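Here's run.pdb, which has PDB, C-alpha atoms:
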```
ATOM      1  CA  HIS A   1     -99.995 146.763  67.709  1.00  0.00           C
ATOM      2  CA  GLU A   2    -102.251 145.879  64.783  1.00  0.00           C
ATOM      3  CA  SER A   3    -101.506 149.219  63.129  1.00  0.00           C
ATOM      4  CA  VAL A   4     -97.762 148.585  63.430  1.00  0.00           C
ATOM      5  CA  VAL A   5     -98.138 145.110  61.889  1.00  0.00           C
ATOM      6  CA  THR A   6    -100.210 146.554  59.037  1.00  0.00           C
ATOM      7  CA  TRP A   7     -97.575 149.225  58.401  1.00  0.00           C
ATOM      8  CA  ILE A   8     -94.799 146.626  58.272  1.00  0.00           C
ATOM      9  CA  LYS A   9     -96.752 144.485  55.802  1.00  0.00           C
ATOM     10  CA  GLN A  10     -97.258 147.504  53.571  1.00  0.00           C
ATOM     11  CA  LYS A  11     -93.539 148.224  53.569  1.00  0.00           C
ATOM     12  CA  VAL A  12     -92.729 144.587  52.759  1.00  0.00           C
ATOM     13  CA  ASP A  13     -95.169 144.627  49.854  1.00  0.00           C
ATOM     14  CA  LEU A  14     -93.625 147.860  48.597  1.00  0.00           C
ATOM     15  CA  PHE A  15     -90.106 146.469  48.700  1.00  0.00           C
ATOM     16  CA  ALA A  16     -91.241 143.298  46.943  1.00  0.00           C
ATOM     17  CA  PHE A  17     -92.837 145.381  44.180  1.00  0.00           C
ATOM     18  CA  CYS A  18     -89.635 147.404  43.708  1.00  0.00           C
ATOM     19  CA  GLY A  19     -87.584 144.259  43.588  1.00  0.00           C
ATOM     20  CA  MET A  20     -89.643 142.979  40.627  1.00  0.00           C
ATOM     21  CA  GLY A  21     -88.550 145.829  38.418  1.00  0.00           C
ATOM     22  CA  GLY A  22     -90.075 148.986  39.893  1.00  0.00           C
ATOM     23  CA  ARG A  23     -88.651 152.401  38.980  1.00  0.00           C
ATOM     24  CA  GLY A  24     -85.271 153.147  40.521  1.00  0.00           C
ATOM     25  CA  THR A  25     -84.344 149.480  40.928  1.00  0.00           C
ATOM     26  CA  LYS A  26     -81.996 147.235  38.935  1.00  0.00           C
ATOM     27  CA  LYS A  27     -82.807 143.687  37.923  1.00  0.00           C
ATOM     28  CA  SER A  28     -80.329 140.955  38.687  1.00  0.00           C
ATOM     29  CA  PRO A  29     -78.790 139.987  35.307  1.00  0.00           C
ATOM     30  CA  SER A  30     -78.710 136.306  36.234  1.00  0.00           C
ATOM     31  CA  LYS A  31     -82.370 136.276  37.268  1.00  0.00           C
ATOM     32  CA  GLU A  32     -83.355 138.231  34.192  1.00  0.00           C
ATOM     33  CA  ARG A  33     -81.732 135.625  31.937  1.00  0.00           C
ATOM     34  CA  ALA A  34     -83.489 132.864  33.841  1.00  0.00           C
ATOM     35  CA  ALA A  35     -86.985 134.361  33.471  1.00  0.00           C
ATOM     36  CA  ASN A  36     -89.346 132.315  31.338  1.00  0.00           C
ATOM     37  CA  LYS A  37     -91.911 133.598  28.853  1.00  0.00           C
ATOM     38  CA  LYS A  38     -94.496 134.203  31.601  1.00  0.00           C
ATOM     39  CA  GLY A  39     -92.130 136.465  33.491  1.00  0.00           C
ATOM     40  CA  GLN A  40     -91.667 134.014  36.342  1.00  0.00           C
ATOM     41  CA  ILE A  41     -88.292 133.464  37.943  1.00  0.00           C
ATOM     42  CA  VAL A  42     -87.016 129.916  37.435  1.00  0.00           C
ATOM     43  CA  PRO A  43     -83.892 128.398  39.019  1.00  0.00           C
ATOM     44  CA  MET A  44     -80.742 128.404  36.880  1.00  0.00           C
ATOM     45  CA  MET A  45     -78.809 125.232  36.256  1.00  0.00           C
ATOM     46  CA  VAL A  46     -75.448 125.296  38.025  1.00  0.00           C
ATOM     47  CA  PRO A  47     -72.792 123.300  36.153  1.00  0.00           C
ATOM     48  CA  LYS A  48     -71.136 120.538  38.149  1.00  0.00           C
ATOM     49  CA  LYS A  49     -67.547 120.992  39.196  1.00  0.00           C
ATOM     50  CA  VAL A  50     -65.217 119.196  36.824  1.00  0.00           C
ATOM     51  CA  GLY A  51     -64.508 115.701  38.148  1.00  0.00           C
ATOM     52  CA  SER A  52     -67.409 115.664  40.608  1.00  0.00           C
ATOM     53  CA  GLY A  53     -69.995 112.918  40.589  1.00  0.00           C
ATOM     54  CA  GLU A  54     -67.655 110.446  38.885  1.00  0.00           C
ATOM     55  CA  ARG A  55     -68.448 106.806  39.535  1.00  0.00           C
ATOM     56  CA  VAL A  56     -65.719 104.986  41.447  1.00  0.00           C
ATOM     57  CA  ILE A  57     -64.815 101.716  39.730  1.00  0.00           C
ATOM     58  CA  ASP A  58     -62.431  98.788  40.103  1.00  0.00           C
ATOM     59  CA  LEU A  59     -59.362  99.938  38.173  1.00  0.00           C
ATOM     60  CA  ILE A  60     -58.183  96.460  37.143  1.00  0.00           C
ATOM     61  CA  GLU A  61     -58.639  97.204  33.419  1.00  0.00           C
ATOM     62  CA  TYR A  62     -56.437 100.308  33.752  1.00  0.00           C
ATOM     63  CA  ILE A  63     -53.479  98.438  35.290  1.00  0.00           C
ATOM     64  CA  ASN A  64     -50.495  97.862  33.015  1.00  0.00           C
ATOM     65  CA  LEU A  65     -50.144  94.182  33.900  1.00  0.00           C
ATOM     66  CA  LYS A  66     -47.087  93.665  31.686  1.00  0.00           C
ATOM     67  CA  ASN A  67     -45.061  96.117  33.760  1.00  0.00           C
ATOM     68  CA  VAL A  68     -46.211  95.210  37.274  1.00  0.00           C
ATOM     69  CA  SER A  69     -43.196  94.452  39.457  1.00  0.00           C
ATOM     70  CA  ILE A  70     -43.204  92.178  42.523  1.00  0.00           C
ATOM     71  CA  LEU A  71     -40.351  91.762  44.983  1.00  0.00           C
ATOM     72  CA  ASN A  72     -40.065  88.830  47.408  1.00  0.00           C
ATOM     73  CA  CYS A  73     -42.984  86.848  46.069  1.00  0.00           C
ATOM     74  CA  MET A  74     -43.120  83.082  45.530  1.00  0.00           C
ATOM     75  CA  PRO A  75     -42.248  82.215  41.908  1.00  0.00           C
ATOM     76  CA  ASN A  76     -44.723  81.280  39.179  1.00  0.00           C
ATOM     77  CA  VAL A  77     -47.365  83.728  40.392  1.00  0.00           C
ATOM     78  CA  LYS A  78     -49.641  84.999  37.631  1.00  0.00           C
ATOM     79  CA  ILE A  79     -49.786  88.792  37.794  1.00  0.00           C
ATOM     80  CA  ALA A  80     -53.449  88.884  36.770  1.00  0.00           C
ATOM     81  CA  HIS A  81     -54.380  86.757  39.804  1.00  0.00           C
ATOM     82  CA  ILE A  82     -53.223  89.548  42.116  1.00  0.00           C
ATOM     83  CA  PHE A  83     -56.053  91.794  40.941  1.00  0.00           C
ATOM     84  CA  ASN A  84     -58.739  89.364  39.726  1.00  0.00           C
ATOM     85  CA  HIS A  85     -61.888  88.869  41.768  1.00  0.00           C
ATOM     86  CA  ASP A  86     -61.427  85.107  41.485  1.00  0.00           C
ATOM     87  CA  GLY A  87     -57.866  85.117  42.821  1.00  0.00           C
ATOM     88  CA  ASP A  88     -56.837  81.697  44.122  1.00  0.00           C
ATOM     89  CA  GLY A  89     -55.372  82.831  47.449  1.00  0.00           C
ATOM     90  CA  LYS A  90     -51.852  81.569  46.689  1.00  0.00           C
ATOM     91  CA  ILE A  91     -49.959  84.875  46.616  1.00  0.00           C
ATOM     92  CA  ARG A  92     -47.268  84.442  49.255  1.00  0.00           C
ATOM     93  CA  SER A  93     -44.001  86.067  50.239  1.00  0.00           C
ATOM     94  CA  ASP A  94     -40.768  84.172  49.718  1.00  0.00           C
ATOM     95  CA  VAL A  95     -37.784  84.905  51.998  1.00  0.00           C
ATOM     96  CA  ASP A  96     -39.556  86.849  54.745  1.00  0.00           C
ATOM     97  CA  MET A  97     -42.868  88.581  55.499  1.00  0.00           C
ATOM     98  CA  GLN A  98     -42.262  91.754  53.469  1.00  0.00           C
ATOM     99  CA  MET A  99     -43.478  92.238  49.892  1.00  0.00           C
ATOM    100  CA  LEU A 100     -43.224  95.121  47.437  1.00  0.00           C
ATOM    101  CA  PHE A 101     -45.586  95.740  44.508  1.00  0.00           C
ATOM    102  CA  THR A 102     -45.018  98.404  41.844  1.00  0.00           C
ATOM    103  CA  ILE A 103     -48.240  98.877  39.881  1.00  0.00           C
ATOM    104  CA  PRO A 104     -48.182 101.194  36.836  1.00  0.00           C
ATOM    105  CA  PHE A 105     -51.382 102.304  35.100  1.00  0.00           C
ATOM    106  CA  LEU A 106     -52.247 102.615  31.426  1.00  0.00           C
ATOM    107  CA  THR A 107     -53.616 106.103  32.094  1.00  0.00           C
ATOM    108  CA  PRO A 108     -53.338 108.423  35.112  1.00  0.00           C
ATOM    109  CA  VAL A 109     -55.962 107.616  37.739  1.00  0.00           C
ATOM    110  CA  ASN A 110     -57.457 109.250  40.803  1.00  0.00           C
ATOM    111  CA  LEU A 111     -57.266 106.650  43.551  1.00  0.00           C
ATOM    112  CA  LYS A 112     -60.129 106.510  46.031  1.00  0.00           C
ATOM    113  CA  ALA A 113     -59.791 103.227  47.950  1.00  0.00           C
ATOM    114  CA  ILE A 114     -57.743 100.068  48.321  1.00  0.00           C
ATOM    115  CA  SER A 115     -58.405  96.619  49.766  1.00  0.00           C
ATOM    116  CA  MET A 116     -56.198  93.676  50.689  1.00  0.00           C
ATOM    117  CA  ASP A 117     -58.302  90.517  50.533  1.00  0.00           C
ATOM    118  CA  ALA A 118     -56.832  87.490  52.293  1.00  0.00           C
ATOM    119  CA  SER A 119     -59.912  85.277  52.405  1.00  0.00           C
ATOM    120  CA  SER A 120     -59.369  81.757  51.111  1.00  0.00           C
ATOM    121  CA  SER A 121     -62.875  81.405  49.706  1.00  0.00           C
ATOM    122  CA  SER A 122     -65.218  83.152  47.306  1.00  0.00           C
ATOM    123  CA  SER A 123     -67.026  86.366  48.223  1.00  0.00           C
ATOM    124  CA  SER A 124     -70.243  84.454  48.970  1.00  0.00           C
ATOM    125  CA  ASP A 125     -68.460  82.637  51.795  1.00  0.00           C
ATOM    126  CA  LYS A 126     -66.691  85.644  53.328  1.00  0.00           C
ATOM    127  CA  LYS A 127     -69.265  86.224  56.046  1.00  0.00           C
ATOM    128  CA  ARG A 128     -69.108  82.612  57.165  1.00  0.00           C
ATOM    129  CA  ARG A 129     -65.304  82.627  57.103  1.00  0.00           C
ATOM    130  CA  LEU A 130     -65.220  85.829  59.149  1.00  0.00           C
ATOM    131  CA  GLU A 131     -67.413  84.293  61.830  1.00  0.00           C
ATOM    132  CA  GLU A 132     -65.202  81.193  61.927  1.00  0.00           C
ATOM    133  CA  VAL A 133     -62.048  83.228  62.437  1.00  0.00           C
ATOM    134  CA  ARG A 134     -63.609  85.255  65.236  1.00  0.00           C
ATOM    135  CA  LYS A 135     -64.708  82.086  66.999  1.00  0.00           C
ATOM    136  CA  LYS A 136     -61.265  80.554  66.570  1.00  0.00           C
ATOM    137  CA  GLU A 137     -59.591  83.644  68.026  1.00  0.00           C
ATOM    138  CA  GLU A 138     -61.756  83.367  71.125  1.00  0.00           C
ATOM    139  CA  GLU A 139     -60.833  79.724  71.626  1.00  0.00           C
ATOM    140  CA  GLU A 140     -57.115  79.912  70.909  1.00  0.00           C
ATOM    141  CA  SER A 141     -54.469  81.700  72.902  1.00  0.00           C
ATOM    142  CA  GLU A 142     -52.165  84.296  71.350  1.00  0.00           C
ATOM    143  CA  GLU A 143     -49.295  81.813  71.478  1.00  0.00           C
ATOM    144  CA  GLU A 144     -51.195  79.251  69.471  1.00  0.00           C
ATOM    145  CA  GLU A 145     -52.131  81.824  66.846  1.00  0.00           C
ATOM    146  CA  THR A 146     -48.500  82.617  66.061  1.00  0.00           C
ATOM    147  CA  ASP A 147     -47.642  78.967  65.357  1.00  0.00           C
ATOM    148  CA  GLY A 148     -49.018  79.181  61.794  1.00  0.00           C
ATOM    149  CA  LYS A 149     -46.763  79.027  58.749  1.00  0.00           C
ATOM    150  CA  ASP A 150     -48.205  82.133  57.103  1.00  0.00           C
ATOM    151  CA  SER A 151     -50.302  85.134  58.012  1.00  0.00           C
ATOM    152  CA  MET A 152     -52.386  87.948  56.521  1.00  0.00           C
ATOM    153  CA  PRO A 153     -50.987  91.458  55.860  1.00  0.00           C
ATOM    154  CA  LYS A 154     -51.061  93.923  58.727  1.00  0.00           C
ATOM    155  CA  LEU A 155     -49.127  97.132  58.006  1.00  0.00           C
ATOM    156  CA  ILE A 156     -48.892  98.440  54.451  1.00  0.00           C
ATOM    157  CA  HIS A 157     -47.454 101.667  53.017  1.00  0.00           C
ATOM    158  CA  LEU A 158     -48.570 103.371  49.812  1.00  0.00           C
ATOM    159  CA  PHE A 159     -46.326 105.436  47.520  1.00  0.00           C
ATOM    160  CA  LYS A 160     -47.198 107.533  44.491  1.00  0.00           C
ATOM    161  CA  ASP A 161     -45.222 107.466  41.207  1.00  0.00           C
ATOM    162  CA  ARG A 162     -42.220 105.477  42.448  1.00  0.00           C
ATOM    163  CA  PHE A 163     -41.487 103.356  39.384  1.00  0.00           C
ATOM    164  CA  HIS A 164     -38.276 101.685  40.585  1.00  0.00           C
ATOM    165  CA  MET A 165     -38.571 101.434  44.360  1.00  0.00           C
ATOM    166  CA  ASP A 166     -36.714  98.758  46.298  1.00  0.00           C
ATOM    167  CA  PHE A 167     -36.985  97.639  49.931  1.00  0.00           C
ATOM    168  CA  ASP A 168     -34.318 100.033  51.203  1.00  0.00           C
ATOM    169  CA  GLU A 169     -36.067 103.006  49.644  1.00  0.00           C
ATOM    170  CA  ALA A 170     -39.471 101.803  50.861  1.00  0.00           C
ATOM    171  CA  GLN A 171     -38.173 101.839  54.434  1.00  0.00           C
ATOM    172  CA  ASP A 172     -36.426 105.217  54.114  1.00  0.00           C
ATOM    173  CA  VAL A 173     -38.934 107.271  52.114  1.00  0.00           C
ATOM    174  CA  ARG A 174     -42.025 108.687  53.777  1.00  0.00           C
ATOM    175  CA  PRO A 175     -45.153 107.129  52.229  1.00  0.00           C
ATOM    176  CA  GLU A 176     -48.184 109.060  51.041  1.00  0.00           C
ATOM    177  CA  MET A 177     -50.269 106.914  53.388  1.00  0.00           C
ATOM    178  CA  SER A 178     -49.924 103.962  55.778  1.00  0.00           C
ATOM    179  CA  ILE A 179     -52.717 101.547  56.673  1.00  0.00           C
ATOM    180  CA  GLU A 180     -52.799  99.123  59.591  1.00  0.00           C
ATOM    181  CA  MET A 181     -55.240  96.267  59.076  1.00  0.00           C
ATOM    182  CA  ASN A 182     -56.656  93.648  61.400  1.00  0.00           C
ATOM    183  CA  LYS A 183     -57.773  90.119  60.502  1.00  0.00           C
ATOM    184  CA  ASP A 184     -61.378  91.133  59.982  1.00  0.00           C
ATOM    185  CA  ASP A 185     -60.271  93.784  57.460  1.00  0.00           C
ATOM    186  CA  THR A 186     -58.329  91.323  55.343  1.00  0.00           C
ATOM    187  CA  ILE A 187     -60.861  88.495  55.489  1.00  0.00           C
ATOM    188  CA  SER A 188     -63.765  90.755  54.556  1.00  0.00           C
ATOM    189  CA  GLY A 189     -61.761  92.655  51.926  1.00  0.00           C
ATOM    190  CA  ARG A 190     -62.525  95.986  53.583  1.00  0.00           C
ATOM    191  CA  LYS A 191     -62.027  99.009  51.336  1.00  0.00           C
ATOM    192  CA  PHE A 192     -59.831 101.655  52.951  1.00  0.00           C
ATOM    193  CA  LYS A 193     -60.557 105.181  51.768  1.00  0.00           C
ATOM    194  CA  LEU A 194     -57.522 107.056  50.456  1.00  0.00           C
ATOM    195  CA  LYS A 195     -56.761 110.757  50.797  1.00  0.00           C
ATOM    196  CA  SER A 196     -57.786 112.321  47.494  1.00  0.00           C
ATOM    197  CA  SER A 197     -55.280 115.149  47.785  1.00  0.00           C
ATOM    198  CA  ARG A 198     -52.390 112.667  47.889  1.00  0.00           C
ATOM    199  CA  PHE A 199     -53.589 110.214  45.252  1.00  0.00           C
ATOM    200  CA  SER A 200     -54.773 112.354  42.346  1.00  0.00           C
ATOM    201  CA  SER A 201     -53.468 111.767  38.819  1.00  0.00           C
ATOM    202  CA  VAL A 202     -51.439 108.718  39.853  1.00  0.00           C
ATOM    203  CA  SER A 203     -49.323 107.042  37.173  1.00  0.00           C
ATOM    204  CA  CYS A 204     -47.881 104.334  39.418  1.00  0.00           C
ATOM    205  CA  LEU A 205     -48.837 102.950  42.840  1.00  0.00           C
ATOM    206  CA  THR A 206     -46.300 101.130  45.010  1.00  0.00           C
ATOM    207  CA  ILE A 207     -47.526  98.961  47.886  1.00  0.00           C
ATOM    208  CA  PHE A 208     -45.082  97.913  50.579  1.00  0.00           C
ATOM    209  CA  ILE A 209     -46.296  95.168  52.923  1.00  0.00           C
ATOM    210  CA  GLU A 210     -44.135  95.646  55.993  1.00  0.00           C
ATOM    211  CA  SER A 211     -45.614  93.137  58.438  1.00  0.00           C
ATOM    212  CA  ASN A 212     -48.292  90.489  58.910  1.00  0.00           C
ATOM    213  CA  GLN A 213     -50.803  89.668  61.620  1.00  0.00           C
ATOM    214  CA  SER A 214     -48.836  86.911  63.367  1.00  0.00           C
ATOM    215  CA  ASP A 215     -45.295  88.202  62.808  1.00  0.00           C
ATOM    216  CA  VAL A 216     -44.274  85.042  60.954  1.00  0.00           C
ATOM    217  CA  ASP A 217     -41.963  84.619  57.959  1.00  0.00           C
ATOM    218  CA  THR A 218     -44.611  84.242  55.271  1.00  0.00           C
ATOM    219  CA  THR A 219     -47.320  86.730  54.303  1.00  0.00           C
ATOM    220  CA  PHE A 220     -50.210  85.679  52.080  1.00  0.00           C
ATOM    221  CA  PHE A 221     -53.273  87.260  50.506  1.00  0.00           C
ATOM    222  CA  ARG A 222     -55.770  86.498  47.747  1.00  0.00           C
ATOM    223  CA  ARG A 223     -56.306  89.795  45.955  1.00  0.00           C
ATOM    224  CA  ILE A 224     -55.448  93.505  45.888  1.00  0.00           C
ATOM    225  CA  GLY A 225     -58.389  95.750  45.038  1.00  0.00           C
ATOM    226  CA  ILE A 226     -57.669  99.224  43.661  1.00  0.00           C
ATOM    227  CA  TYR A 227     -60.582 101.620  43.200  1.00  0.00           C
ATOM    228  CA  GLY A 228     -60.907 105.084  41.712  1.00  0.00           C
ATOM    229  CA  THR A 229     -61.544 106.966  38.473  1.00  0.00           C
ATOM    230  CA  PRO A 230     -59.406 107.171  35.326  1.00  0.00           C
ATOM    231  CA  VAL A 231     -58.187 110.535  34.086  1.00  0.00           C
ATOM    232  CA  LEU A 232     -59.537 110.301  30.561  1.00  0.00           C
ATOM    233  CA  GLY A 233     -57.743 111.745  27.575  1.00  0.00           C
ATOM    234  CA  TYR A 234     -54.284 110.596  28.652  1.00  0.00           C
ATOM    235  CA  SER A 235     -52.240 107.478  28.055  1.00  0.00           C
ATOM    236  CA  LEU A 236     -48.912 106.418  29.503  1.00  0.00           C
ATOM    237  CA  LYS A 237     -46.161 104.880  27.401  1.00  0.00           C
ATOM    238  CA  LEU A 238     -44.325 102.504  29.702  1.00  0.00           C
TER     239      LEU A 238
END
```

Spit out the file's structure as structure tokens when you get a sec.
Amino acid sequence: HESVVTWIKQKVDLFAFCGMGGRGTKKSPSKERAANKKGQIVPMMVPKKVGSGERVIDLIEYINLKNVSILNCMPNVKIAHIFNHDGDGKIRSDVDMQMLFTIPFLTPVNLKAISMDASSSSSSDKKRRLEEVRKKEEEESEEEETDGKDSMPKLIHLFKDRFHMDFDEAQDVRPEMSIEMNKDDTISGRKFKLKSSRFSSVSCLTIFIESNQSDVDTTFFRRIGIYGTPVLGYSLKL
């Protein structure tokens, strides 16, 4: 057995020698280019795929606020408050629970996530507010919960590049993605990950709020968070 092992080692050493440029062998061009002055093989740098490793940011500064459209929202709402981190929590529907937001961008963007924040306090108090709501839900019956005048969003639909959508179209057209939220999601401002293949190079995002948590006439929230990466080098004239 020892003689067999010795013979195998000799063959391995021979093959290794041939692989380093022995007669009758061919060097790998890529490895040859990567050899340093001492003749040692060093790893080659592989370029990153275009668009990879980009930092996901809040896209508020890339929203064309002047052209944002809102349907069925209480009057005198400041558009900037819909996207600001210090939103005052007074964004409410008007006639019924449904709301429609058409949000154009200053440059095409790759959308990665979205949040619908319905907390009535600052971010530092969200954890406390979440615990209070959970405790209240345990103490109250389902009937009591639906007695409120307004309620947080529940089912929303997302559309890509629909600049002039109305409620009829929002109900007839198939959305790129639908998200069903619970109360914890809206109070905590949970970020829902979007499908990259459906939200790349987006010029306009339309959000249709179809229903709320308590199925009452008025829907309210504090802020919409839109996250992703801008497609640099382009600008949209809207």

Enter the distance from atom CA of Asp172 of chain A to atom CA of Ser197 of chain A, in Å, rounded to one decimal.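 The value is 22.2 Å.
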
Quick one: residues within 9 Å of segment 71-73 of chain A, only C-alpha atoms, excluding same-chain residues fewer than 5 positions away - as a list in words?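 Skipping anything fewer than 5 positions along the chain leaves Ile91, Arg92, Ser93, Asp94, Val95, Asp96, Met97, Gln98, Met99, Leu100, Phe101, Thr102, Asp166 and Phe167 of chain A.
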
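What the PyMOL selection byres ((chain A and resi 177) around 9) matches in the given file is Ile156, His157, Leu158, Phe159, Arg174, Pro175, Glu176, Ser178, Ile179, Leu194, Lys195 and Arg198 of chain A.
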
Go ahead and write the residues just picked, C-alpha atoms, as a PDB file, keeping the file's coordinate frame.
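Done, and the output landed in result.pdb:
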```pdb
ATOM      1  CA  ILE A 156     -48.892  98.440  54.451  1.00  0.00           C
ATOM      2  CA  HIS A 157     -47.454 101.667  53.017  1.00  0.00           C
ATOM      3  CA  LEU A 158     -48.570 103.371  49.812  1.00  0.00           C
ATOM      4  CA  PHE A 159     -46.326 105.436  47.520  1.00  0.00           C
ATOM      5  CA  ARG A 174     -42.025 108.687  53.777  1.00  0.00           C
ATOM      6  CA  PRO A 175     -45.153 107.129  52.229  1.00  0.00           C
ATOM      7  CA  GLU A 176     -48.184 109.060  51.041  1.00  0.00           C
ATOM      8  CA  SER A 178     -49.924 103.962  55.778  1.00  0.00           C
ATOM      9  CA  ILE A 179     -52.717 101.547  56.673  1.00  0.00           C
ATOM     10  CA  LEU A 194     -57.522 107.056  50.456  1.00  0.00           C
ATOM     11  CA  LYS A 195     -56.761 110.757  50.797  1.00  0.00           C
ATOM     12  CA  ARG A 198     -52.390 112.667  47.889  1.00  0.00           C
TER      13      ARG A 198
END
```

Rounded to one decimal, what separation in Å do you get between atom CA of Lys191 of chain A and atom CA of Leu59 of chain A?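 Distance reported for this atom pair: 13.5 Å.
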
Kindly resolve the PyMOL selection byres ((chain A and resi 201) around 8) on the present coordinates and return the residues as a PyMOL selection string. chain A and resi 108-111+199-200+202-203+231
